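Student: Structure file input-v8.cif (mmCIF, C-alpha atoms) is given on the next line.
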```
data_target
loop_
_atom_site.label_atom_id
_atom_site.label_comp_id
_atom_site.auth_asym_id
_atom_site.auth_seq_id
_atom_site.Cartn_x
_atom_site.Cartn_y
_atom_site.Cartn_z
CA MET A 1 119.80 105.53 119.73
CA ASP A 2 116.40 105.05 121.42
CA ALA A 3 114.33 101.89 121.09
CA ILE A 4 111.91 103.42 118.58
CA HIS A 5 114.62 104.29 116.05
CA ALA A 6 116.72 101.19 116.77
CA PHE A 7 113.81 98.86 115.96
CA GLU A 8 111.71 100.87 113.50
CA HIS A 9 112.62 98.54 110.63
CA LEU A 10 111.53 95.34 112.36
CA PRO A 11 109.19 93.29 110.13
CA HIS A 12 105.49 93.64 110.97
CA LYS A 13 105.19 89.91 111.61
CA THR A 14 108.08 90.06 114.06
CA ILE A 15 106.29 92.78 116.02
CA GLU A 16 103.17 90.58 116.14
CA ARG A 17 105.18 87.61 117.37
CA LEU A 18 106.99 89.68 120.01
CA SER A 19 103.60 90.62 121.47
CA GLN A 20 102.61 86.95 121.45
CA TYR A 21 105.92 85.94 123.04
CA ARG A 22 105.40 88.43 125.85
CA ARG A 23 101.94 87.08 126.65
CA ALA A 24 103.33 83.55 126.80
CA LEU A 25 106.32 84.64 128.88
CA LEU A 26 104.12 86.45 131.39
CA ILE A 27 102.18 83.23 131.94
CA CYS A 28 105.41 81.29 132.39
CA LEU A 29 106.66 83.89 134.88
CA GLU A 30 103.44 83.59 136.89
CA GLU A 31 104.00 79.84 137.01
CA GLY A 32 107.39 80.40 138.67
CA LYS A 33 109.56 79.76 135.62
CA SER A 34 112.71 81.94 135.35
CA HIS A 35 114.27 80.77 132.06
CA ILE A 36 112.95 79.32 128.83
CA PHE A 37 114.40 77.79 125.65
CA SER A 38 113.48 78.72 122.09
CA HIS A 39 111.88 75.34 121.46
CA GLU A 40 109.58 75.89 124.46
CA ILE A 41 108.44 79.29 123.15
CA ALA A 42 108.01 77.75 119.71
CA ARG A 43 105.81 74.97 121.05
CA ILE A 44 103.55 77.47 122.84
CA GLN A 45 103.23 79.67 119.73
CA HIS A 46 103.01 76.79 117.22
CA ILE A 47 105.99 78.00 115.21
CA THR A 48 109.56 76.76 114.72
CA PRO A 49 112.45 77.30 117.15
CA VAL A 50 114.39 78.78 114.24
CA GLN A 51 111.75 81.51 113.86
CA VAL A 52 111.89 82.31 117.58
CA ARG A 53 115.69 82.57 117.54
CA ARG A 54 115.60 84.72 114.41
CA ASP A 55 113.11 87.15 115.97
CA LEU A 56 115.11 87.45 119.18
CA MET A 57 118.35 87.95 117.24
CA LEU A 58 116.67 90.86 115.43
CA ILE A 59 116.12 92.60 118.78
CA GLY A 60 119.63 91.80 119.95
CA TYR A 61 118.76 89.29 122.66
CA SER A 62 120.46 85.95 123.20
CA GLY A 63 120.21 83.28 125.84
CA THR A 64 122.65 80.70 127.14
CA LEU A 65 123.05 77.09 126.06
CA ARG A 66 122.53 75.86 129.62
CA LYS A 67 119.56 77.97 130.76
CA GLY A 68 118.04 79.50 127.65
CA TYR A 69 116.47 82.97 127.82
CA ASN A 70 115.95 84.93 131.02
CA ILE A 71 112.18 85.45 131.07
CA GLU A 72 112.11 88.68 133.08
CA GLN A 73 114.81 90.29 130.95
CA LEU A 74 113.10 89.27 127.73
CA ILE A 75 109.73 90.61 128.90
CA GLU A 76 111.37 93.91 129.82
CA LEU A 77 113.14 94.21 126.45
CA ILE A 78 109.98 93.45 124.49
CA GLY A 79 108.18 96.10 126.55
CA GLU A 80 110.87 98.66 125.72
CA ILE A 81 110.40 97.93 122.02
CA ILE A 82 106.61 97.69 121.81
CA ASP A 83 105.32 99.96 124.57
CA SER A 84 105.22 103.74 124.46
CA GLU A 85 106.79 105.76 127.27
CA GLU A 86 103.51 107.62 127.62
CA MET A 87 100.04 106.11 127.84
CA ILE A 88 98.40 105.54 124.44
CA LYS A 89 94.65 105.99 124.62
CA VAL A 90 92.08 104.05 122.63
CA ALA A 91 88.43 104.54 121.64
CA VAL A 92 85.94 101.82 120.66
CA MET A 93 83.48 102.74 117.93
CA GLY A 94 80.30 100.74 118.49
CA LEU A 95 79.41 99.23 121.87
CA GLY A 96 77.46 96.20 120.73
CA ASP A 97 78.38 92.65 121.74
CA LEU A 98 81.83 92.79 120.14
CA GLY A 99 82.57 96.25 121.56
CA HIS A 100 81.60 95.05 125.03
CA ALA A 101 83.75 91.94 124.66
CA ILE A 102 86.77 94.06 123.76
CA LEU A 103 86.23 96.31 126.78
CA ASN A 104 85.83 93.36 129.12
CA TYR A 105 88.84 91.49 127.79
CA PHE A 106 91.35 94.24 127.13
CA ASN A 107 91.10 96.87 129.85
CA GLY A 108 93.80 96.49 132.49
CA LYS A 109 95.84 94.02 130.42
CA ARG A 110 98.53 96.56 129.44
CA SER A 111 99.86 99.47 131.49
CA LYS A 112 100.66 101.65 128.47
CA LEU A 113 97.42 101.10 126.54
CA SER A 114 94.03 102.18 127.86
CA ILE A 115 90.53 102.26 126.37
CA VAL A 116 89.13 105.56 127.60
CA ALA A 117 86.04 106.15 125.46
CA GLY A 118 83.29 104.36 123.60
CA PHE A 119 80.94 105.78 120.96
CA ASP A 120 77.52 104.60 119.86
CA VAL A 121 74.32 105.84 118.19
CA ASN A 122 71.96 104.06 120.60
CA PRO A 123 70.44 106.63 123.02
CA LYS A 124 70.10 103.92 125.68
CA LYS A 125 73.87 103.41 125.72
CA ILE A 126 74.96 107.04 125.53
CA GLY A 127 75.84 108.40 128.95
CA THR A 128 76.34 104.98 130.49
CA VAL A 129 79.65 103.47 131.63
CA PHE A 130 80.82 100.02 130.51
CA ASN A 131 83.65 98.48 132.51
CA GLY A 132 84.83 101.93 133.51
CA VAL A 133 84.60 103.34 129.97
CA PRO A 134 82.03 106.10 129.27
CA CYS A 135 79.90 105.94 126.14
CA TYR A 136 79.52 109.13 124.08
CA PRO A 137 77.38 110.03 121.05
CA VAL A 138 79.18 109.80 117.72
CA GLU A 139 78.62 113.53 117.21
CA GLN A 140 81.20 114.16 119.95
CA ILE A 141 84.01 112.14 118.34
CA GLN A 142 86.12 115.17 117.48
CA GLU A 143 85.65 116.78 120.89
CA ILE A 144 86.38 113.65 122.96
CA ILE A 145 89.33 112.47 120.89
CA ASN A 146 90.95 115.90 121.18
CA ARG A 147 90.16 116.27 124.88
CA GLU A 148 91.38 112.79 125.85
CA ASN A 149 94.29 112.78 123.37
CA ILE A 150 93.11 109.48 121.86
CA SER A 151 95.42 107.96 119.22
CA ILE A 152 93.78 104.64 118.27
CA GLY A 153 90.26 103.78 117.20
CA ILE A 154 88.75 100.28 117.18
CA ILE A 155 85.84 99.89 114.75
CA THR A 156 83.16 97.37 115.75
CA VAL A 157 80.15 99.02 114.08
CA PRO A 158 77.90 97.28 111.50
CA ALA A 159 79.88 96.63 108.30
CA LYS A 160 78.08 99.26 106.19
CA GLN A 161 78.99 101.98 108.67
CA ALA A 162 82.71 101.17 108.74
CA PRO A 163 83.88 103.60 105.99
CA VAL A 164 81.97 106.55 107.48
CA THR A 165 83.21 105.70 110.97
CA ALA A 166 86.80 105.49 109.72
CA GLY A 167 86.39 108.86 108.02
CA ARG A 168 85.23 110.43 111.29
CA LEU A 169 88.18 108.97 113.17
CA ILE A 170 90.67 110.17 110.57
CA LYS A 171 89.16 113.66 110.55
CA ALA A 172 89.43 113.74 114.34
CA GLY A 173 93.17 113.03 114.15
CA ILE A 174 93.35 109.31 114.96
CA LYS A 175 96.70 107.75 113.96
CA GLY A 176 95.87 104.04 114.22
CA ILE A 177 92.71 102.09 113.31
CA LEU A 178 91.82 98.48 114.06
CA ASN A 179 88.93 97.47 111.82
CA TYR A 180 86.94 94.48 113.05
CA THR A 181 84.36 94.67 110.25
CA PRO A 182 84.51 92.72 106.96
CA THR A 183 84.29 95.99 105.00
CA PRO A 184 87.69 97.22 103.77
CA ILE A 185 88.43 100.86 104.57
CA GLN A 186 90.83 103.39 103.09
CA VAL A 187 93.18 105.49 105.20
CA PRO A 188 95.84 108.12 104.38
CA GLU A 189 99.53 107.20 104.54
CA ASP A 190 100.01 108.73 107.98
CA VAL A 191 97.34 106.47 109.55
CA TYR A 192 98.29 102.88 110.38
CA LEU A 193 95.55 100.34 109.61
CA GLU A 194 95.02 96.79 110.85
CA GLU A 195 91.99 94.86 109.56
CA TYR A 196 90.69 91.70 111.18
CA ASP A 197 88.01 89.85 109.25
CA MET A 198 86.61 87.01 111.37
CA ILE A 199 84.68 85.54 108.41
CA THR A 200 87.86 85.22 106.34
CA THR A 201 89.70 83.70 109.29
CA LEU A 202 86.95 81.13 109.82
CA GLU A 203 86.88 80.28 106.11
CA LYS A 204 90.64 79.78 106.20
CA LEU A 205 90.25 77.40 109.14
CA ALA A 206 87.42 75.60 107.35
CA PHE A 207 89.67 75.11 104.31
CA TYR A 208 92.34 73.37 106.36
CA VAL A 209 89.76 71.28 108.20
CA LYS A 210 88.36 70.22 104.82
CA LEU A 211 91.86 69.20 103.66
CA ALA A 212 92.35 67.16 106.82
CA ASN A 213 88.97 65.46 106.38
CA ASP A 214 89.71 64.68 102.74
CA LYS A 215 93.05 63.09 103.67
CA ASN A 216 91.34 60.93 106.29
CA LYS A 217 88.96 59.60 103.63
CA LEU A 218 91.82 58.34 101.46
#
```
What does the file become when written as structure tokens?
Tutor:
Amino acid sequence: MDAIHAFEHLPHKTIERLSQYRRALLICLEEGKSHIFSHEIARIQHITPVQVRRDLMLIGYSGTLRKGYNIEQLIELIGEIIDSEEMIKVAVMGLGDLGHAILNYFNGKRSKLSIVAGFDVNPKKIGTVFNGVPCYPVEQIQEIINRENISIGIITVPAKQAPVTAGRLIKAGIKGILNYTPTPIQVPEDVYLEEYDMITTLEKLAFYVKLANDKNKL
């Protein structure tokens, strides 16, 4: 059984944590560390050692009592589970400040994921290249997505334009959408959607800060 079918029923949160574990493990590897214990991973990720061990048990990996987990082996296994054998290509919809930040931060970070196209309505941006990624007019979405075999679209356009942008991506055959706007969008069942609302995240943080401040006043 290949990795895709063996792990297709992993919980979504486990997949998220595996990605986070790998980032932490790569840093540890660069620092010359060869093995790591669950409580060390837990401390880096701000979760419990029990959660780390549970996640790693789900993917069939165990360490030793004396040394813990082999970092290189664990990185390789997580890559086999998360990464595609073939390159998965990504497009960014909207090359404003957030779009630029995504291009600058992400490109080159993963060998099996690559941002290959950007789209915008600003004539001054169309035809230019940002961090190695060409910017196209939105009218060419269908053409470029088909030509480049793009599977994922990242939406960073103004909030009001998010539903229309999502519709264009879906019509062009995109199979995964990451929505960075606060406007909820609807997708068909065969399109995977992740929505990240920075305002909601900040309000959640503000709530917990308020609780902490209130406790300090008691």
Student: Per residue of segment 4-103 of chain A within 10 Å of segment 178-182 of chain A, record the nearest atom pair and its distance in Å to one decimal, counting only C-alpha atoms, with rows in chain order and ascending residue number, as CSV.
Tutor:
```
residue,atom,partner,partner_atom,distance
A:Val92,CA,A:Leu178,CA,9.4
A:Met93,CA,A:Asn179,CA,9.7
A:Leu98,CA,A:Tyr180,CA,8.9
A:Gly99,CA,A:Tyr180,CA,9.7
```
Student: Any chance you could work out the residue set of the PyMOL selection byres ((chain A and resi 107) around 12) here, as an mmCIF file with C-alpha atoms, in the frame of the given file?
Tutor:
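expr-v9.cif, written as the output of this step:
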```cif
data_model
loop_
_atom_site.group_PDB
_atom_site.id
_atom_site.type_symbol
_atom_site.label_atom_id
_atom_site.label_comp_id
_atom_site.auth_asym_id
_atom_site.auth_seq_id
_atom_site.Cartn_x
_atom_site.Cartn_y
_atom_site.Cartn_z
ATOM 1 C CA LYS A 89 94.650 105.990 124.620
ATOM 2 C CA VAL A 90 92.080 104.050 122.630
ATOM 3 C CA ALA A 91 88.430 104.540 121.640
ATOM 4 C CA VAL A 92 85.940 101.820 120.660
ATOM 5 C CA GLY A 99 82.570 96.250 121.560
ATOM 6 C CA HIS A 100 81.600 95.050 125.030
ATOM 7 C CA ALA A 101 83.750 91.940 124.660
ATOM 8 C CA ILE A 102 86.770 94.060 123.760
ATOM 9 C CA LEU A 103 86.230 96.310 126.780
ATOM 10 C CA ASN A 104 85.830 93.360 129.120
ATOM 11 C CA TYR A 105 88.840 91.490 127.790
ATOM 12 C CA PHE A 106 91.350 94.240 127.130
ATOM 13 C CA GLY A 108 93.800 96.490 132.490
ATOM 14 C CA LYS A 109 95.840 94.020 130.420
ATOM 15 C CA ARG A 110 98.530 96.560 129.440
ATOM 16 C CA SER A 111 99.860 99.470 131.490
ATOM 17 C CA LYS A 112 100.660 101.650 128.470
ATOM 18 C CA LEU A 113 97.420 101.100 126.540
ATOM 19 C CA SER A 114 94.030 102.180 127.860
ATOM 20 C CA ILE A 115 90.530 102.260 126.370
ATOM 21 C CA VAL A 116 89.130 105.560 127.600
ATOM 22 C CA ALA A 117 86.040 106.150 125.460
ATOM 23 C CA PHE A 130 80.820 100.020 130.510
ATOM 24 C CA ASN A 131 83.650 98.480 132.510
ATOM 25 C CA GLY A 132 84.830 101.930 133.510
ATOM 26 C CA VAL A 133 84.600 103.340 129.970
#
```
Student: Hey, can I get the axis-aligned box for segment 150-153 of chain A? All listed atoms, 4 Å padding on each side, centre and edge lengths in Å to one decimal, as lines of an AutoDock Vina configuration file.
Tutor:
```
center_x = 92.8
center_y = 106.6
center_z = 119.5
size_x = 13.2
size_y = 13.7
size_z = 12.7
```
Student: Starting from the displayed file, determine the output of the PyMOL selection byres ((chain A and resi 65) around 12) and express the residue list as a ChimeraX atom specification.
Tutor: /A:35-38,62-64,66-70
Student: Put those residues in a file: C-alpha atoms, as a CSV table (one decimal), in the frame of the given file.
Tutor:
```csv
chain,number,residue,atom,x,y,z
A,35,HIS,CA,114.3,80.8,132.1
A,36,ILE,CA,113.0,79.3,128.8
A,37,PHE,CA,114.4,77.8,125.6
A,38,SER,CA,113.5,78.7,122.1
A,62,SER,CA,120.5,86.0,123.2
A,63,GLY,CA,120.2,83.3,125.8
A,64,THR,CA,122.6,80.7,127.1
A,66,ARG,CA,122.5,75.9,129.6
A,67,LYS,CA,119.6,78.0,130.8
A,68,GLY,CA,118.0,79.5,127.6
A,69,TYR,CA,116.5,83.0,127.8
A,70,ASN,CA,116.0,84.9,131.0
```
Student: Determine the nearest neighbour of Leu29 of chain A from the options A:Gly167, A:Ile150, A:Ile59, A:Leu74, counting only C-alpha atoms.
Tutor: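 That would be A:Leu74, the residue with the smallest distance to Leu29 of chain A.
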Student: The PyMOL selection byres ((chain A and resi 76) around 12) on the file shown: which residues, as a list of chain:residue names?
Tutor: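 When the PyMOL selection byres ((chain A and resi 76) around 12) is applied, the selected residues are A:Leu18, A:Ser19, A:Tyr21, A:Arg22, A:Leu25, A:Leu26, A:Tyr61, A:Asn70, A:Ile71, A:Glu72, A:Gln73, A:Leu74, A:Ile75, A:Leu77, A:Ile78, A:Gly79, A:Glu80, A:Ile81, A:Ile82, A:Asp83.
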Student: Could you please determine the separation between atom CA of Ile44 of chain A and atom CA of Ile154 of chain A in Å, to one decimal place?
Tutor: 27.8 Å
Student: For Gly94 of chain A, please output as a PyMOL selection string all residues within 7 Å (counting only C-alpha atoms; exclusion window: fewer than 6 positions along the same chain).
Tutor: chain A and resi 118-120+155-157
Student: Please report the interatomic distance between atom CA of Ile152 of chain A and atom CA of Gly176 of chain A in Å with one decimal.
Tutor: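 Computing the Euclidean distance for atom CA of Ile152 of chain A and atom CA of Gly176 of chain A yields 4.6 Å.
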Student: Record the distance separating atom CA of Asp197 of chain A and atom CA of Pro11 of chain A, expressed in Å with one decimal.
Tutor: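 Atom CA of Asp197 of chain A sits 21.5 Å away from atom CA of Pro11 of chain A.
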Student: Neighbours of Ile177 of chain A within 9 Å (all atoms listed in the file; same-chain residues fewer than 5 positions away dropped), as a ChimeraX atom specification?
Tutor: /A:151-155,166,169-170,187,191-195
Student: Might you pull out every residue within 12 Å of Lys124 of chain A, with all atoms listed in the file counted and same-chain residues fewer than 4 positions away left off, and present them as a PDB file with C-alpha atoms, in the frame of the given file?
Tutor:
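The resulting file, result_9.pdb, is reproduced below:
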```pdb
ATOM      1  CA  LEU A  95      79.410  99.230 121.870  1.00  0.00           C
ATOM      2  CA  GLY A  96      77.460  96.200 120.730  1.00  0.00           C
ATOM      3  CA  PHE A 119      80.940 105.780 120.960  1.00  0.00           C
ATOM      4  CA  ASP A 120      77.520 104.600 119.860  1.00  0.00           C
ATOM      5  CA  THR A 128      76.340 104.980 130.490  1.00  0.00           C
ATOM      6  CA  VAL A 129      79.650 103.470 131.630  1.00  0.00           C
ATOM      7  CA  CYS A 135      79.900 105.940 126.140  1.00  0.00           C
ATOM      8  CA  TYR A 136      79.520 109.130 124.080  1.00  0.00           C
ATOM      9  CA  PRO A 137      77.380 110.030 121.050  1.00  0.00           C
TER      10      PRO A 137
END
```
Student: Counting all atoms listed in the file, find the residues whose atoms lie at most 9 Å from (109.8, 85.5, 114.7) (file coordinates) and write them out as a list in words.
Tutor: Lys13, Thr14, Ile15, Glu16, Arg17, Leu18, Ile47, Thr48, Pro49, Val50, Gln51, Val52, Arg53, Arg54, Asp55, Leu56 and Leu58 of chain A
Student: Can you save segment 6-95 of chain A of the given block to a file, including C-alpha atoms and formatted as a PDB file, in the first residue's frame?
Tutor:
```
ATOM      1  CA  ALA A   6      -1.962   4.173   3.977  1.00  0.00           C
ATOM      2  CA  PHE A   7      -2.380   7.614   5.555  1.00  0.00           C
ATOM      3  CA  GLU A   8      -5.460   9.031   3.817  1.00  0.00           C
ATOM      4  CA  HIS A   9      -7.512   8.805   7.018  1.00  0.00           C
ATOM      5  CA  LEU A  10      -5.098  10.783   9.180  1.00  0.00           C
ATOM      6  CA  PRO A  11      -6.909  13.584  11.059  1.00  0.00           C
ATOM      7  CA  HIS A  12      -6.519  17.044   9.488  1.00  0.00           C
ATOM      8  CA  LYS A  13      -4.943  18.399  12.665  1.00  0.00           C
ATOM      9  CA  THR A  14      -2.377  15.611  12.628  1.00  0.00           C
ATOM     10  CA  ILE A  15      -1.370  16.560   9.081  1.00  0.00           C
ATOM     11  CA  GLU A  16      -0.950  20.181  10.221  1.00  0.00           C
ATOM     12  CA  ARG A  17       1.199  19.126  13.158  1.00  0.00           C
ATOM     13  CA  LEU A  18       3.338  16.820  11.010  1.00  0.00           C
ATOM     14  CA  SER A  19       4.199  19.809   8.813  1.00  0.00           C
ATOM     15  CA  GLN A  20       5.061  21.812  11.933  1.00  0.00           C
ATOM     16  CA  TYR A  21       7.147  18.937  13.316  1.00  0.00           C
ATOM     17  CA  ARG A  22       9.140  18.754  10.100  1.00  0.00           C
ATOM     18  CA  ARG A  23       9.962  22.463  10.171  1.00  0.00           C
ATOM     19  CA  ALA A  24      11.168  22.144  13.756  1.00  0.00           C
ATOM     20  CA  LEU A  25      13.133  18.982  12.986  1.00  0.00           C
ATOM     21  CA  LEU A  26      14.870  20.593  10.023  1.00  0.00           C
ATOM     22  CA  ILE A  27      16.089  23.380  12.305  1.00  0.00           C
ATOM     23  CA  CYS A  28      17.314  20.845  14.842  1.00  0.00           C
ATOM     24  CA  LEU A  29      19.124  18.932  12.098  1.00  0.00           C
ATOM     25  CA  GLU A  30      20.850  22.118  10.927  1.00  0.00           C
ATOM     26  CA  GLU A  31      22.014  22.653  14.501  1.00  0.00           C
ATOM     27  CA  GLY A  32      23.756  19.267  14.450  1.00  0.00           C
ATOM     28  CA  LYS A  33      21.188  17.336  16.476  1.00  0.00           C
ATOM     29  CA  SER A  34      20.627  13.700  15.409  1.00  0.00           C
ATOM     30  CA  HIS A  35      17.920  12.505  17.831  1.00  0.00           C
ATOM     31  CA  ILE A  36      15.084  14.155  19.712  1.00  0.00           C
ATOM     32  CA  PHE A  37      12.571  13.176  22.405  1.00  0.00           C
ATOM     33  CA  SER A  38       8.820  13.759  22.289  1.00  0.00           C
ATOM     34  CA  HIS A  39       8.978  16.263  25.143  1.00  0.00           C
ATOM     35  CA  GLU A  40      11.510  18.328  23.171  1.00  0.00           C
ATOM     36  CA  ILE A  41       9.247  18.437  20.095  1.00  0.00           C
ATOM     37  CA  ALA A  42       6.312  19.256  22.358  1.00  0.00           C
ATOM     38  CA  ARG A  43       8.144  22.173  23.938  1.00  0.00           C
ATOM     39  CA  ILE A  44       8.993  23.636  20.520  1.00  0.00           C
ATOM     40  CA  GLN A  45       5.401  23.285  19.281  1.00  0.00           C
ATOM     41  CA  HIS A  46       3.734  24.305  22.576  1.00  0.00           C
ATOM     42  CA  ILE A  47       1.745  21.082  22.837  1.00  0.00           C
ATOM     43  CA  THR A  48       1.919  18.015  25.092  1.00  0.00           C
ATOM     44  CA  PRO A  49       4.370  15.112  24.695  1.00  0.00           C
ATOM     45  CA  VAL A  50       1.351  12.798  24.680  1.00  0.00           C
ATOM     46  CA  GLN A  51       0.032  14.549  21.550  1.00  0.00           C
ATOM     47  CA  VAL A  52       3.401  14.212  19.815  1.00  0.00           C
ATOM     48  CA  ARG A  53       3.632  10.502  20.618  1.00  0.00           C
ATOM     49  CA  ARG A  54       0.045   9.946  19.495  1.00  0.00           C
ATOM     50  CA  ASP A  55       0.678  11.644  16.141  1.00  0.00           C
ATOM     51  CA  LEU A  56       3.859   9.669  15.514  1.00  0.00           C
ATOM     52  CA  MET A  57       2.150   6.406  16.475  1.00  0.00           C
ATOM     53  CA  LEU A  58      -0.507   7.165  13.850  1.00  0.00           C
ATOM     54  CA  ILE A  59       2.189   7.225  11.156  1.00  0.00           C
ATOM     55  CA  GLY A  60       3.845   4.099  12.529  1.00  0.00           C
ATOM     56  CA  TYR A  61       7.031   5.674  13.839  1.00  0.00           C
ATOM     57  CA  SER A  62       8.587   5.015  17.225  1.00  0.00           C
ATOM     58  CA  GLY A  63      11.808   6.039  18.885  1.00  0.00           C
ATOM     59  CA  THR A  64      13.957   4.456  21.562  1.00  0.00           C
ATOM     60  CA  LEU A  65      13.916   5.102  25.292  1.00  0.00           C
ATOM     61  CA  ARG A  66      17.616   5.976  25.285  1.00  0.00           C
ATOM     62  CA  LYS A  67      17.887   8.228  22.214  1.00  0.00           C
ATOM     63  CA  GLY A  68      14.360   9.216  21.262  1.00  0.00           C
ATOM     64  CA  TYR A  69      13.464   9.728  17.593  1.00  0.00           C
ATOM     65  CA  ASN A  70      15.970   9.695  14.748  1.00  0.00           C
ATOM     66  CA  ILE A  71      15.541  13.157  13.231  1.00  0.00           C
ATOM     67  CA  GLU A  72      16.613  12.321   9.670  1.00  0.00           C
ATOM     68  CA  GLN A  73      14.380   9.247   9.526  1.00  0.00           C
ATOM     69  CA  LEU A  74      11.403  11.155  10.897  1.00  0.00           C
ATOM     70  CA  ILE A  75      11.871  14.012   8.420  1.00  0.00           C
ATOM     71  CA  GLU A  76      12.027  11.494   5.574  1.00  0.00           C
ATOM     72  CA  LEU A  77       8.872   9.685   6.724  1.00  0.00           C
ATOM     73  CA  ILE A  78       6.906  12.918   7.105  1.00  0.00           C
ATOM     74  CA  GLY A  79       8.021  13.895   3.603  1.00  0.00           C
ATOM     75  CA  GLU A  80       6.779  10.574   2.206  1.00  0.00           C
ATOM     76  CA  ILE A  81       3.383  11.203   3.792  1.00  0.00           C
ATOM     77  CA  ILE A  82       2.912  14.903   3.033  1.00  0.00           C
ATOM     78  CA  ASP A  83       4.845  15.514  -0.182  1.00  0.00           C
ATOM     79  CA  SER A  84       3.729  14.520  -3.656  1.00  0.00           C
ATOM     80  CA  GLU A  85       6.031  12.460  -5.875  1.00  0.00           C
ATOM     81  CA  GLU A  86       5.575  15.079  -8.578  1.00  0.00           C
ATOM     82  CA  MET A  87       5.883  18.839  -8.199  1.00  0.00           C
ATOM     83  CA  ILE A  88       2.625  20.541  -7.173  1.00  0.00           C
ATOM     84  CA  LYS A  89       2.346  24.007  -8.652  1.00  0.00           C
ATOM     85  CA  VAL A  90       0.724  27.007  -7.014  1.00  0.00           C
ATOM     86  CA  ALA A  91      -0.674  30.355  -8.189  1.00  0.00           C
ATOM     87  CA  VAL A  92      -1.115  33.507  -6.088  1.00  0.00           C
ATOM     88  CA  MET A  93      -4.200  35.578  -6.843  1.00  0.00           C
ATOM     89  CA  GLY A  94      -3.410  39.199  -6.028  1.00  0.00           C
ATOM     90  CA  LEU A  95       0.149  40.522  -5.828  1.00  0.00           C
TER      91      LEU A  95
END
```
